[in-house]
Amino acid sequence: MSLLVVGSVAFDAVETPFGKREQMLGGSASHFSISASFFTNVRIVAVVGGDFGSEERAVFERHRVDTTDLEVVPDGKTFRWFGRYEYDLNVAHTLDTHLNVFAGFEPKLSAGSKKSRLVFLGNIQPDLQRGVRLQVPDAELVALDTMNLWINNTRDALQKAIEVVDLLIVNDAEARQLTEEPNLIKAARKILSWGPRTLIVKRGEYGAAMFTKDAYFAIPAYPLESVFDPTGAGDTFAGGLMGYLASQERLDEAALRRAMIFGSVMASFNVEEFGTERVQRLSHQEINHRFSDFKRFTNFEEIPFEQAVQAG
């Protein structure tokens, strides 16, 4: 398999100012794998309960997501998250969380999963992330995502996990919190000193930025008039990014820049409807069209300073 994701599969109940859903497919591994499936073959490692039925499985089947390592606990219940958004859709208010079978989740990788070329460690307990990383020593690129819960409660374990991956993907608040640096540039420099070759910072409606020891690259968010539900947008971004990278022979800076665009494209579709609804219906033509839009939005001609003065 070219791409492996380890994370959560869940049922989400979400309410926003624009509507609500009592139950929909969610979880980091779900959003990631559906997004990545437009670019490459994906295998998912997660756990669900006996209430995870044929309708949910059909979503993975339609997108050719390999569920060989999707563990099922027949007498258990699937992880559930209940959340609400106000008009500031950047802030999710957790109303309730039922970990259910996810509370005892211990990722079990088959022989095929251990041979994956690229690996994404979704937002799970840092010791579990590190344990998975040690099981894929030959992976060409391993990326990790996290959240404020683990930064607050398991900072040391999280830093140890970050030290053994190639790419860290977090939002700007998490980068500052993790490093205790208010300046994002200083925060990025500190994170890179821990071991990762690349840091990608998600900035919500302001786009995303990539940091390496030698380079910096930033893109805007895709301009949208209708945003209904941001749940899973970060994992959808990571899915597009990692999925595109998995389709490339060379994982150089140029590929990473293109991957960021594709990640942003996929996230822009995610927020247009609830959960995975919009991304499930996507076509490659729609994806390529928005990629072309990004190129138009960000392209400009370089004019030497002397010519700029003359033009003025």
# chains A, B, ... in the order shown; residues from 1 in each chain; ligands from 1
$ closest_atom_pairs --of "region 150-212 of chain A" --to "region 229-235 of chain A" --cutoff "10 Å" --atoms "only C-alpha atoms" --output "Markdown table"
| residue | atom | partner | partner_atom | distance |
| --- | --- | --- | --- | --- |
| A:Ile169 | CA | A:Gly234 | CA | 9.0 |
| A:Val170 | CA | A:Gly234 | CA | 8.6 |
| A:Asn171 | CA | A:Gly234 | CA | 8.5 |
| A:Lys202 | CA | A:Gly234 | CA | 7.4 |
| A:Arg203 | CA | A:Gly234 | CA | 9.8 |
| A:Gly204 | CA | A:Gly234 | CA | 8.5 |
$ write_last_selection --atoms "N, CA and C atoms" --output "PDB file, in the first residue's frame"
ATOM      1  N   ILE A 169       1.927  18.384  11.184  1.00  0.00           N
ATOM      2  CA  ILE A 169       0.842  19.218  10.676  1.00  0.00           C
ATOM      3  C   ILE A 169      -0.012  19.664  11.859  1.00  0.00           C
ATOM      4  N   VAL A 170      -0.014  20.966  12.162  1.00  0.00           N
ATOM      5  CA  VAL A 170      -0.790  21.511  13.277  1.00  0.00           C
ATOM      6  C   VAL A 170      -1.362  22.855  12.855  1.00  0.00           C
ATOM      7  N   ASN A 171      -2.291  23.378  13.664  1.00  0.00           N
ATOM      8  CA  ASN A 171      -2.754  24.736  13.374  1.00  0.00           C
ATOM      9  C   ASN A 171      -1.871  25.744  14.112  1.00  0.00           C
ATOM     10  N   LYS A 202      -1.644  24.939   9.648  1.00  0.00           N
ATOM     11  CA  LYS A 202      -2.966  25.263   9.114  1.00  0.00           C
ATOM     12  C   LYS A 202      -3.449  26.554   9.766  1.00  0.00           C
ATOM     13  N   ARG A 203      -3.940  27.487   8.941  1.00  0.00           N
ATOM     14  CA  ARG A 203      -4.345  28.798   9.459  1.00  0.00           C
ATOM     15  C   ARG A 203      -5.806  29.100   9.142  1.00  0.00           C
ATOM     16  N   GLY A 204      -6.613  28.047   8.986  1.00  0.00           N
ATOM     17  CA  GLY A 204      -8.050  28.221   8.798  1.00  0.00           C
ATOM     18  C   GLY A 204      -8.383  29.070   7.587  1.00  0.00           C
TER      19      GLY A 204
END
$ residues_around --residues "Met242 (chain A)" --least-positions-apart "4" --cutoff "9 Å" --atoms "only C-alpha atoms" --output "list in words"
Leu3, Phe32, Ala36, Phe39, Leu118, Val119, Phe120, Ala143, Phe237, Ala238, Ala246, Ser247, Ala259, Met260 and Gly263 of chain A
$ write_last_selection --atoms "N, CA, C and O atoms" --output "PDB file, in the first residue's frame"
ATOM      1  N   LEU A   3      -0.190   4.404   0.994  1.00  0.00           N
ATOM      2  CA  LEU A   3      -0.496   5.364   2.062  1.00  0.00           C
ATOM      3  C   LEU A   3      -1.312   4.695   3.163  1.00  0.00           C
ATOM      4  O   LEU A   3      -2.321   4.035   2.901  1.00  0.00           O
ATOM      5  N   PHE A  32      -9.656  11.843   6.428  1.00  0.00           N
ATOM      6  CA  PHE A  32      -8.372  11.738   5.747  1.00  0.00           C
ATOM      7  C   PHE A  32      -8.437  10.753   4.583  1.00  0.00           C
ATOM      8  O   PHE A  32      -8.029  11.065   3.461  1.00  0.00           O
ATOM      9  N   ALA A  36      -7.856  11.459   0.618  1.00  0.00           N
ATOM     10  CA  ALA A  36      -6.651  10.912  -0.017  1.00  0.00           C
ATOM     11  C   ALA A  36      -6.976   9.941  -1.139  1.00  0.00           C
ATOM     12  O   ALA A  36      -6.179   9.760  -2.061  1.00  0.00           O
ATOM     13  N   PHE A  39      -6.389  10.443  -4.876  1.00  0.00           N
ATOM     14  CA  PHE A  39      -5.036  10.533  -5.400  1.00  0.00           C
ATOM     15  C   PHE A  39      -4.281   9.208  -5.377  1.00  0.00           C
ATOM     16  O   PHE A  39      -3.342   9.022  -6.159  1.00  0.00           O
ATOM     17  N   LEU A 118       4.083   5.842   2.686  1.00  0.00           N
ATOM     18  CA  LEU A 118       3.780   7.043   3.455  1.00  0.00           C
ATOM     19  C   LEU A 118       2.793   6.701   4.560  1.00  0.00           C
ATOM     20  O   LEU A 118       1.899   5.859   4.362  1.00  0.00           O
ATOM     21  N   VAL A 119       2.929   7.374   5.706  1.00  0.00           N
ATOM     22  CA  VAL A 119       2.080   7.091   6.866  1.00  0.00           C
ATOM     23  C   VAL A 119       1.611   8.404   7.471  1.00  0.00           C
ATOM     24  O   VAL A 119       2.406   9.350   7.635  1.00  0.00           O
ATOM     25  N   PHE A 120       0.325   8.456   7.809  1.00  0.00           N
ATOM     26  CA  PHE A 120      -0.221   9.609   8.523  1.00  0.00           C
ATOM     27  C   PHE A 120      -0.730   9.150   9.880  1.00  0.00           C
ATOM     28  O   PHE A 120      -1.594   8.277   9.974  1.00  0.00           O
ATOM     29  N   ALA A 143       3.956  11.460   8.717  1.00  0.00           N
ATOM     30  CA  ALA A 143       3.415  12.741   9.176  1.00  0.00           C
ATOM     31  C   ALA A 143       2.574  12.525  10.430  1.00  0.00           C
ATOM     32  O   ALA A 143       1.997  11.450  10.626  1.00  0.00           O
ATOM     33  N   PHE A 237      -7.669  18.261   4.659  1.00  0.00           N
ATOM     34  CA  PHE A 237      -6.469  18.931   4.147  1.00  0.00           C
ATOM     35  C   PHE A 237      -5.294  17.956   4.138  1.00  0.00           C
ATOM     36  O   PHE A 237      -4.586  17.811   3.130  1.00  0.00           O
ATOM     37  N   ALA A 238      -5.081  17.282   5.268  1.00  0.00           N
ATOM     38  CA  ALA A 238      -3.960  16.339   5.364  1.00  0.00           C
ATOM     39  C   ALA A 238      -4.125  15.190   4.379  1.00  0.00           C
ATOM     40  O   ALA A 238      -3.145  14.713   3.794  1.00  0.00           O
ATOM     41  N   ALA A 246       1.769  10.802  -2.076  1.00  0.00           N
ATOM     42  CA  ALA A 246       1.883   9.367  -2.322  1.00  0.00           C
ATOM     43  C   ALA A 246       1.842   9.037  -3.806  1.00  0.00           C
ATOM     44  O   ALA A 246       2.336   7.988  -4.232  1.00  0.00           O
ATOM     45  N   SER A 247       1.264   9.930  -4.606  1.00  0.00           N
ATOM     46  CA  SER A 247       1.177   9.702  -6.049  1.00  0.00           C
ATOM     47  C   SER A 247       2.426  10.157  -6.791  1.00  0.00           C
ATOM     48  O   SER A 247       2.529   9.951  -8.006  1.00  0.00           O
ATOM     49  N   ALA A 259       1.364  19.768  -3.109  1.00  0.00           N
ATOM     50  CA  ALA A 259       0.542  18.997  -2.176  1.00  0.00           C
ATOM     51  C   ALA A 259      -0.253  19.905  -1.248  1.00  0.00           C
ATOM     52  O   ALA A 259      -1.408  19.620  -0.908  1.00  0.00           O
ATOM     53  N   MET A 260       0.345  21.015  -0.823  1.00  0.00           N
ATOM     54  CA  MET A 260      -0.373  21.963   0.023  1.00  0.00           C
ATOM     55  C   MET A 260      -1.573  22.551  -0.711  1.00  0.00           C
ATOM     56  O   MET A 260      -2.640  22.749  -0.114  1.00  0.00           O
ATOM     57  N   GLY A 263      -4.210  19.919  -0.796  1.00  0.00           N
ATOM     58  CA  GLY A 263      -4.808  19.808   0.535  1.00  0.00           C
ATOM     59  C   GLY A 263      -5.827  20.905   0.784  1.00  0.00           C
ATOM     60  O   GLY A 263      -6.925  20.655   1.291  1.00  0.00           O
TER      61      GLY A 263
END
$ select_by_dssp --residues "region 50-212 of chain A" --states "helix (DSSP H, G or I)" --output "number ranges by chain"
A: 54-62, 100-104, 113-115, 126-135, 148-153, 155-163, 172-179, 184-193, 204-206
$ select_by_dssp --residues "region 9-198 of chain A" --states "strand (DSSP E or B)" --output "ChimeraX atom specification"
/A:10-16,19-26,42-49,65-66,70-73,80-85,92-98,118-121,141-145,167-171,198
$ residues_around --residues "Ala188 (chain A)" --least-positions-apart "5" --cutoff "12 Å" --atoms "only C-alpha atoms" --output "compact mmCIF listing (two decimals) with N, CA and C atoms, in the first residue's frame"
# COMPACT_ATOMS: atom_id res chain seq x y z
N LEU A 167 7.23 14.95 9.23
CA LEU A 167 6.36 16.09 8.95
C LEU A 167 5.35 16.25 10.08
N LEU A 168 5.25 17.45 10.62
CA LEU A 168 4.23 17.77 11.63
C LEU A 168 3.21 18.71 11.01
N ILE A 169 1.93 18.38 11.18
CA ILE A 169 0.84 19.22 10.68
C ILE A 169 -0.01 19.66 11.86
N VAL A 170 -0.01 20.97 12.16
CA VAL A 170 -0.79 21.51 13.28
C VAL A 170 -1.36 22.86 12.85
N ASN A 171 -2.29 23.38 13.66
CA ASN A 171 -2.75 24.74 13.37
C ASN A 171 -1.87 25.74 14.11
N ASP A 172 -2.07 27.03 13.82
CA ASP A 172 -1.17 28.05 14.37
C ASP A 172 -1.25 28.14 15.89
N ALA A 173 -2.44 28.00 16.46
CA ALA A 173 -2.57 28.06 17.92
C ALA A 173 -1.84 26.89 18.57
N GLU A 174 -1.93 25.71 17.96
CA GLU A 174 -1.25 24.53 18.52
C GLU A 174 0.26 24.67 18.43
N ALA A 175 0.76 25.26 17.34
CA ALA A 175 2.21 25.46 17.20
C ALA A 175 2.73 26.38 18.30
N ARG A 176 1.98 27.44 18.58
CA ARG A 176 2.40 28.37 19.64
C ARG A 176 2.29 27.72 21.02
N GLN A 177 1.21 27.01 21.25
CA GLN A 177 1.01 26.35 22.53
C GLN A 177 2.08 25.28 22.77
N LEU A 178 2.38 24.54 21.75
CA LEU A 178 3.35 23.44 21.86
C LEU A 178 4.73 23.95 22.22
N THR A 179 5.12 25.08 21.65
CA THR A 179 6.47 25.61 21.85
C THR A 179 6.55 26.70 22.91
N GLU A 180 5.38 27.20 23.34
CA GLU A 180 5.31 28.33 24.27
C GLU A 180 6.02 29.55 23.67
N GLU A 181 5.85 29.70 22.35
CA GLU A 181 6.40 30.84 21.62
C GLU A 181 5.25 31.60 20.97
N PRO A 182 5.04 32.88 21.29
CA PRO A 182 3.94 33.63 20.67
C PRO A 182 4.18 33.94 19.19
N ASN A 183 5.44 33.96 18.78
CA ASN A 183 5.78 34.26 17.39
C ASN A 183 5.85 32.96 16.60
N SER A 193 13.77 22.03 15.16
CA SER A 193 14.97 21.62 15.88
C SER A 193 14.78 20.29 16.61
N TRP A 194 13.53 19.87 16.78
CA TRP A 194 13.25 18.60 17.46
C TRP A 194 13.43 17.40 16.55
N GLY A 195 13.46 17.61 15.24
CA GLY A 195 13.65 16.47 14.36
C GLY A 195 12.91 16.45 13.05
N PRO A 196 11.66 16.93 12.98
CA PRO A 196 10.94 16.91 11.70
C PRO A 196 11.65 17.74 10.64
N ARG A 197 11.59 17.27 9.39
CA ARG A 197 12.18 18.04 8.29
C ARG A 197 11.26 19.17 7.84
N THR A 198 9.95 18.98 8.08
CA THR A 198 8.97 19.94 7.57
C THR A 198 7.87 20.17 8.60
N LEU A 199 7.43 21.41 8.69
CA LEU A 199 6.27 21.78 9.51
C LEU A 199 5.26 22.46 8.61
N ILE A 200 4.02 22.01 8.67
CA ILE A 200 2.94 22.68 7.95
C ILE A 200 1.93 23.19 8.98
N VAL A 201 1.67 24.49 8.92
CA VAL A 201 0.77 25.13 9.87
C VAL A 201 -0.53 25.49 9.16
N ALA A 209 0.79 27.48 5.88
CA ALA A 209 2.19 27.84 5.67
C ALA A 209 3.07 26.63 5.90
N MET A 210 4.15 26.54 5.12
CA MET A 210 5.10 25.44 5.25
C MET A 210 6.46 25.99 5.65
N PHE A 211 7.08 25.34 6.63
CA PHE A 211 8.41 25.72 7.08
C PHE A 211 9.35 24.54 6.95
N THR A 212 10.54 24.77 6.41
CA THR A 212 11.64 23.83 6.50
C THR A 212 12.84 24.62 7.01
N LYS A 213 13.96 23.96 7.19
CA LYS A 213 15.14 24.68 7.67
C LYS A 213 15.61 25.73 6.66
N ASP A 214 15.31 25.51 5.38
CA ASP A 214 15.84 26.39 4.34
C ASP A 214 14.79 27.15 3.56
N ALA A 215 13.51 26.89 3.81
CA ALA A 215 12.48 27.48 2.94
C ALA A 215 11.22 27.81 3.72
N TYR A 216 10.44 28.71 3.11
CA TYR A 216 9.13 29.09 3.64
C TYR A 216 8.19 29.23 2.46
$ residues_around --residues "region 153-161 of chain A" --least-positions-apart "4" --cutoff "8 Å" --atoms "only C-alpha atoms" --output "PDB file with N, CA and C atoms, in the first residue's frame"
ATOM      1  N   PRO A 126      -0.304  10.285  21.937  1.00  0.00           N
ATOM      2  CA  PRO A 126       1.065  10.334  21.395  1.00  0.00           C
ATOM      3  C   PRO A 126       1.862   9.044  21.543  1.00  0.00           C
ATOM      4  N   ASP A 127       1.699   8.319  22.648  1.00  0.00           N
ATOM      5  CA  ASP A 127       2.430   7.056  22.790  1.00  0.00           C
ATOM      6  C   ASP A 127       2.006   6.054  21.724  1.00  0.00           C
ATOM      7  N   GLN A 129       0.928   6.928  18.721  1.00  0.00           N
ATOM      8  CA  GLN A 129       1.543   7.429  17.483  1.00  0.00           C
ATOM      9  C   GLN A 129       2.994   6.978  17.370  1.00  0.00           C
ATOM     10  N   ARG A 130       3.707   7.113  18.457  1.00  0.00           N
ATOM     11  CA  ARG A 130       5.126   6.723  18.448  1.00  0.00           C
ATOM     12  C   ARG A 130       5.259   5.216  18.248  1.00  0.00           C
ATOM     13  N   LEU A 149      -5.467  18.940  23.498  1.00  0.00           N
ATOM     14  CA  LEU A 149      -5.633  17.978  24.600  1.00  0.00           C
ATOM     15  C   LEU A 149      -4.309  17.300  24.925  1.00  0.00           C
ATOM     16  N   VAL A 165       9.199  11.718  13.588  1.00  0.00           N
ATOM     17  CA  VAL A 165       8.452  11.823  12.332  1.00  0.00           C
ATOM     18  C   VAL A 165       9.129  12.822  11.408  1.00  0.00           C
ATOM     19  N   LEU A 178       2.381  24.537  21.748  1.00  0.00           N
ATOM     20  CA  LEU A 178       3.345  23.443  21.862  1.00  0.00           C
ATOM     21  C   LEU A 178       4.733  23.949  22.223  1.00  0.00           C
ATOM     22  N   TRP A 194      13.530  19.873  16.784  1.00  0.00           N
ATOM     23  CA  TRP A 194      13.248  18.604  17.455  1.00  0.00           C
ATOM     24  C   TRP A 194      13.433  17.397  16.546  1.00  0.00           C
TER      25      TRP A 194
END
$ atom_distance --atom1 "CA of Glu225 (chain A)" --atom2 "CA of Ser30 (chain A)"
25.6 Å
$ closest_residue --among "A:Met147, A:Ile303, A:Ala46, A:Ala254" --to "Ser8 (chain A)" --atoms "only C-alpha atoms"
A:Ala46
$ residues_around --residues "Ser283 (chain A)" --least-positions-apart "4" --cutoff "12 Å" --atoms "only C-alpha atoms" --output "list in words"
Ser35, Ser37, Phe38, Phe39, His63, Met266, Phe269, Arg278, Val279, Ile287, Asn288, His289 and Arg290 of chain A
$ residues_around --residues "region 91-98 of chain A" --least-positions-apart "6" --cutoff "10 Å" --atoms "only C-alpha atoms" --output "list in words"
Ala10, Phe11, Asp12, Ala13, Val14, Glu15, Thr16, Lys77, Thr78, Phe79, Arg80, Trp81, Phe82, Gly83, Arg84, Tyr85, Pro230 and Thr231 of chain A
$ decode --residues "region 20-54 of chain A" --atoms "N, CA and C atoms" --output "PDB file, in the first residue's frame"
ATOM      1  N   LYS A  20     -28.055  21.099  11.134  1.00  0.00           N
ATOM      2  CA  LYS A  20     -27.526  20.118  12.079  1.00  0.00           C
ATOM      3  C   LYS A  20     -27.637  18.714  11.493  1.00  0.00           C
ATOM      4  N   ARG A  21     -26.823  17.824  12.024  1.00  0.00           N
ATOM      5  CA  ARG A  21     -26.870  16.405  11.713  1.00  0.00           C
ATOM      6  C   ARG A  21     -26.802  15.636  13.024  1.00  0.00           C
ATOM      7  N   GLU A  22     -27.725  14.703  13.200  1.00  0.00           N
ATOM      8  CA  GLU A  22     -27.751  13.919  14.432  1.00  0.00           C
ATOM      9  C   GLU A  22     -26.688  12.825  14.423  1.00  0.00           C
ATOM     10  N   GLN A  23     -26.381  12.296  13.239  1.00  0.00           N
ATOM     11  CA  GLN A  23     -25.345  11.265  13.132  1.00  0.00           C
ATOM     12  C   GLN A  23     -24.788  11.258  11.708  1.00  0.00           C
ATOM     13  N   MET A  24     -23.466  11.373  11.620  1.00  0.00           N
ATOM     14  CA  MET A  24     -22.811  11.307  10.312  1.00  0.00           C
ATOM     15  C   MET A  24     -21.429  10.713  10.496  1.00  0.00           C
ATOM     16  N   LEU A  25     -20.890  10.165   9.430  1.00  0.00           N
ATOM     17  CA  LEU A  25     -19.558   9.569   9.472  1.00  0.00           C
ATOM     18  C   LEU A  25     -18.520  10.645   9.755  1.00  0.00           C
ATOM     19  N   GLY A  26     -17.669  10.396  10.746  1.00  0.00           N
ATOM     20  CA  GLY A  26     -16.635  11.348  11.111  1.00  0.00           C
ATOM     21  C   GLY A  26     -15.386  10.639  11.594  1.00  0.00           C
ATOM     22  N   GLY A  27     -14.536  11.373  12.264  1.00  0.00           N
ATOM     23  CA  GLY A  27     -13.272  10.828  12.742  1.00  0.00           C
ATOM     24  C   GLY A  27     -12.132  11.182  11.806  1.00  0.00           C
ATOM     25  N   SER A  28     -10.937  11.324  12.380  1.00  0.00           N
ATOM     26  CA  SER A  28      -9.784  11.766  11.599  1.00  0.00           C
ATOM     27  C   SER A  28      -9.468  10.825  10.444  1.00  0.00           C
ATOM     28  N   ALA A  29      -9.519   9.518  10.685  1.00  0.00           N
ATOM     29  CA  ALA A  29      -9.168   8.555   9.640  1.00  0.00           C
ATOM     30  C   ALA A  29     -10.196   8.549   8.515  1.00  0.00           C
ATOM     31  N   SER A  30     -11.453   8.793   8.835  1.00  0.00           N
ATOM     32  CA  SER A  30     -12.499   8.821   7.806  1.00  0.00           C
ATOM     33  C   SER A  30     -12.293  10.007   6.869  1.00  0.00           C
ATOM     34  N   HIS A  31     -12.191  11.209   7.433  1.00  0.00           N
ATOM     35  CA  HIS A  31     -12.008  12.407   6.615  1.00  0.00           C
ATOM     36  C   HIS A  31     -10.721  12.304   5.793  1.00  0.00           C
ATOM     37  N   PHE A  32      -9.656  11.843   6.428  1.00  0.00           N
ATOM     38  CA  PHE A  32      -8.372  11.738   5.747  1.00  0.00           C
ATOM     39  C   PHE A  32      -8.437  10.753   4.583  1.00  0.00           C
ATOM     40  N   SER A  33      -8.942   9.553   4.839  1.00  0.00           N
ATOM     41  CA  SER A  33      -8.885   8.500   3.821  1.00  0.00           C
ATOM     42  C   SER A  33      -9.763   8.806   2.616  1.00  0.00           C
ATOM     43  N   ILE A  34     -10.940   9.377   2.839  1.00  0.00           N
ATOM     44  CA  ILE A  34     -11.815   9.710   1.716  1.00  0.00           C
ATOM     45  C   ILE A  34     -11.164  10.781   0.846  1.00  0.00           C
ATOM     46  N   SER A  35     -10.551  11.777   1.478  1.00  0.00           N
ATOM     47  CA  SER A  35      -9.859  12.828   0.739  1.00  0.00           C
ATOM     48  C   SER A  35      -8.671  12.260  -0.041  1.00  0.00           C
ATOM     49  N   ALA A  36      -7.856  11.459   0.618  1.00  0.00           N
ATOM     50  CA  ALA A  36      -6.651  10.912  -0.017  1.00  0.00           C
ATOM     51  C   ALA A  36      -6.976   9.941  -1.139  1.00  0.00           C
ATOM     52  N   SER A  37      -8.147   9.314  -1.084  1.00  0.00           N
ATOM     53  CA  SER A  37      -8.497   8.280  -2.058  1.00  0.00           C
ATOM     54  C   SER A  37      -8.613   8.823  -3.478  1.00  0.00           C
ATOM     55  N   PHE A  38      -8.746  10.126  -3.632  1.00  0.00           N
ATOM     56  CA  PHE A  38      -8.812  10.715  -4.970  1.00  0.00           C
ATOM     57  C   PHE A  38      -7.442  10.741  -5.650  1.00  0.00           C
ATOM     58  N   PHE A  39      -6.389  10.443  -4.876  1.00  0.00           N
ATOM     59  CA  PHE A  39      -5.036  10.533  -5.400  1.00  0.00           C
ATOM     60  C   PHE A  39      -4.281   9.208  -5.377  1.00  0.00           C
ATOM     61  N   THR A  40      -4.639   8.297  -4.472  1.00  0.00           N
ATOM     62  CA  THR A  40      -3.829   7.103  -4.281  1.00  0.00           C
ATOM     63  C   THR A  40      -4.621   6.021  -3.558  1.00  0.00           C
ATOM     64  N   ASN A  41      -4.005   4.859  -3.366  1.00  0.00           N
ATOM     65  CA  ASN A  41      -4.600   3.785  -2.568  1.00  0.00           C
ATOM     66  C   ASN A  41      -4.356   4.060  -1.094  1.00  0.00           C
ATOM     67  N   VAL A  42      -5.366   3.872  -0.271  1.00  0.00           N
ATOM     68  CA  VAL A  42      -5.273   4.176   1.157  1.00  0.00           C
ATOM     69  C   VAL A  42      -5.708   2.966   1.969  1.00  0.00           C
ATOM     70  N   ARG A  43      -4.979   2.712   3.035  1.00  0.00           N
ATOM     71  CA  ARG A  43      -5.390   1.685   4.007  1.00  0.00           C
ATOM     72  C   ARG A  43      -5.611   2.371   5.345  1.00  0.00           C
ATOM     73  N   ILE A  44      -6.655   1.963   6.044  1.00  0.00           N
ATOM     74  CA  ILE A  44      -7.056   2.617   7.289  1.00  0.00           C
ATOM     75  C   ILE A  44      -6.872   1.670   8.474  1.00  0.00           C
ATOM     76  N   VAL A  45      -6.319   2.193   9.566  1.00  0.00           N
ATOM     77  CA  VAL A  45      -6.184   1.451  10.826  1.00  0.00           C
ATOM     78  C   VAL A  45      -6.984   2.212  11.875  1.00  0.00           C
ATOM     79  N   ALA A  46      -8.050   1.593  12.363  1.00  0.00           N
ATOM     80  CA  ALA A  46      -8.936   2.243  13.330  1.00  0.00           C
ATOM     81  C   ALA A  46      -9.767   1.162  14.009  1.00  0.00           C
ATOM     82  N   VAL A  47     -10.676   1.582  14.885  1.00  0.00           N
ATOM     83  CA  VAL A  47     -11.548   0.632  15.573  1.00  0.00           C
ATOM     84  C   VAL A  47     -12.969   1.175  15.582  1.00  0.00           C
ATOM     85  N   VAL A  48     -13.946   0.275  15.384  1.00  0.00           N
ATOM     86  CA  VAL A  48     -15.358   0.645  15.424  1.00  0.00           C
ATOM     87  C   VAL A  48     -16.120  -0.408  16.221  1.00  0.00           C
ATOM     88  N   GLY A  49     -17.361  -0.069  16.553  1.00  0.00           N
ATOM     89  CA  GLY A  49     -18.208  -0.998  17.281  1.00  0.00           C
ATOM     90  C   GLY A  49     -19.153  -1.747  16.360  1.00  0.00           C
ATOM     91  N   GLY A  50     -19.977  -2.564  16.952  1.00  0.00           N
ATOM     92  CA  GLY A  50     -20.940  -3.333  16.178  1.00  0.00           C
ATOM     93  C   GLY A  50     -22.011  -2.479  15.526  1.00  0.00           C
ATOM     94  N   ASP A  51     -22.138  -1.216  15.965  1.00  0.00           N
ATOM     95  CA  ASP A  51     -23.135  -0.314  15.384  1.00  0.00           C
ATOM     96  C   ASP A  51     -22.638   0.338  14.089  1.00  0.00           C
ATOM     97  N   PHE A  52     -21.417   0.043  13.688  1.00  0.00           N
ATOM     98  CA  PHE A  52     -20.875   0.573  12.433  1.00  0.00           C
ATOM     99  C   PHE A  52     -21.348  -0.349  11.314  1.00  0.00           C
ATOM    100  N   GLY A  53     -22.333   0.124  10.569  1.00  0.00           N
ATOM    101  CA  GLY A  53     -23.054  -0.758   9.663  1.00  0.00           C
ATOM    102  C   GLY A  53     -22.629  -0.722   8.211  1.00  0.00           C
ATOM    103  N   SER A  54     -23.446  -1.353   7.380  1.00  0.00           N
ATOM    104  CA  SER A  54     -23.136  -1.492   5.953  1.00  0.00           C
ATOM    105  C   SER A  54     -23.146  -0.145   5.231  1.00  0.00           C
TER     106      SER A  54
END
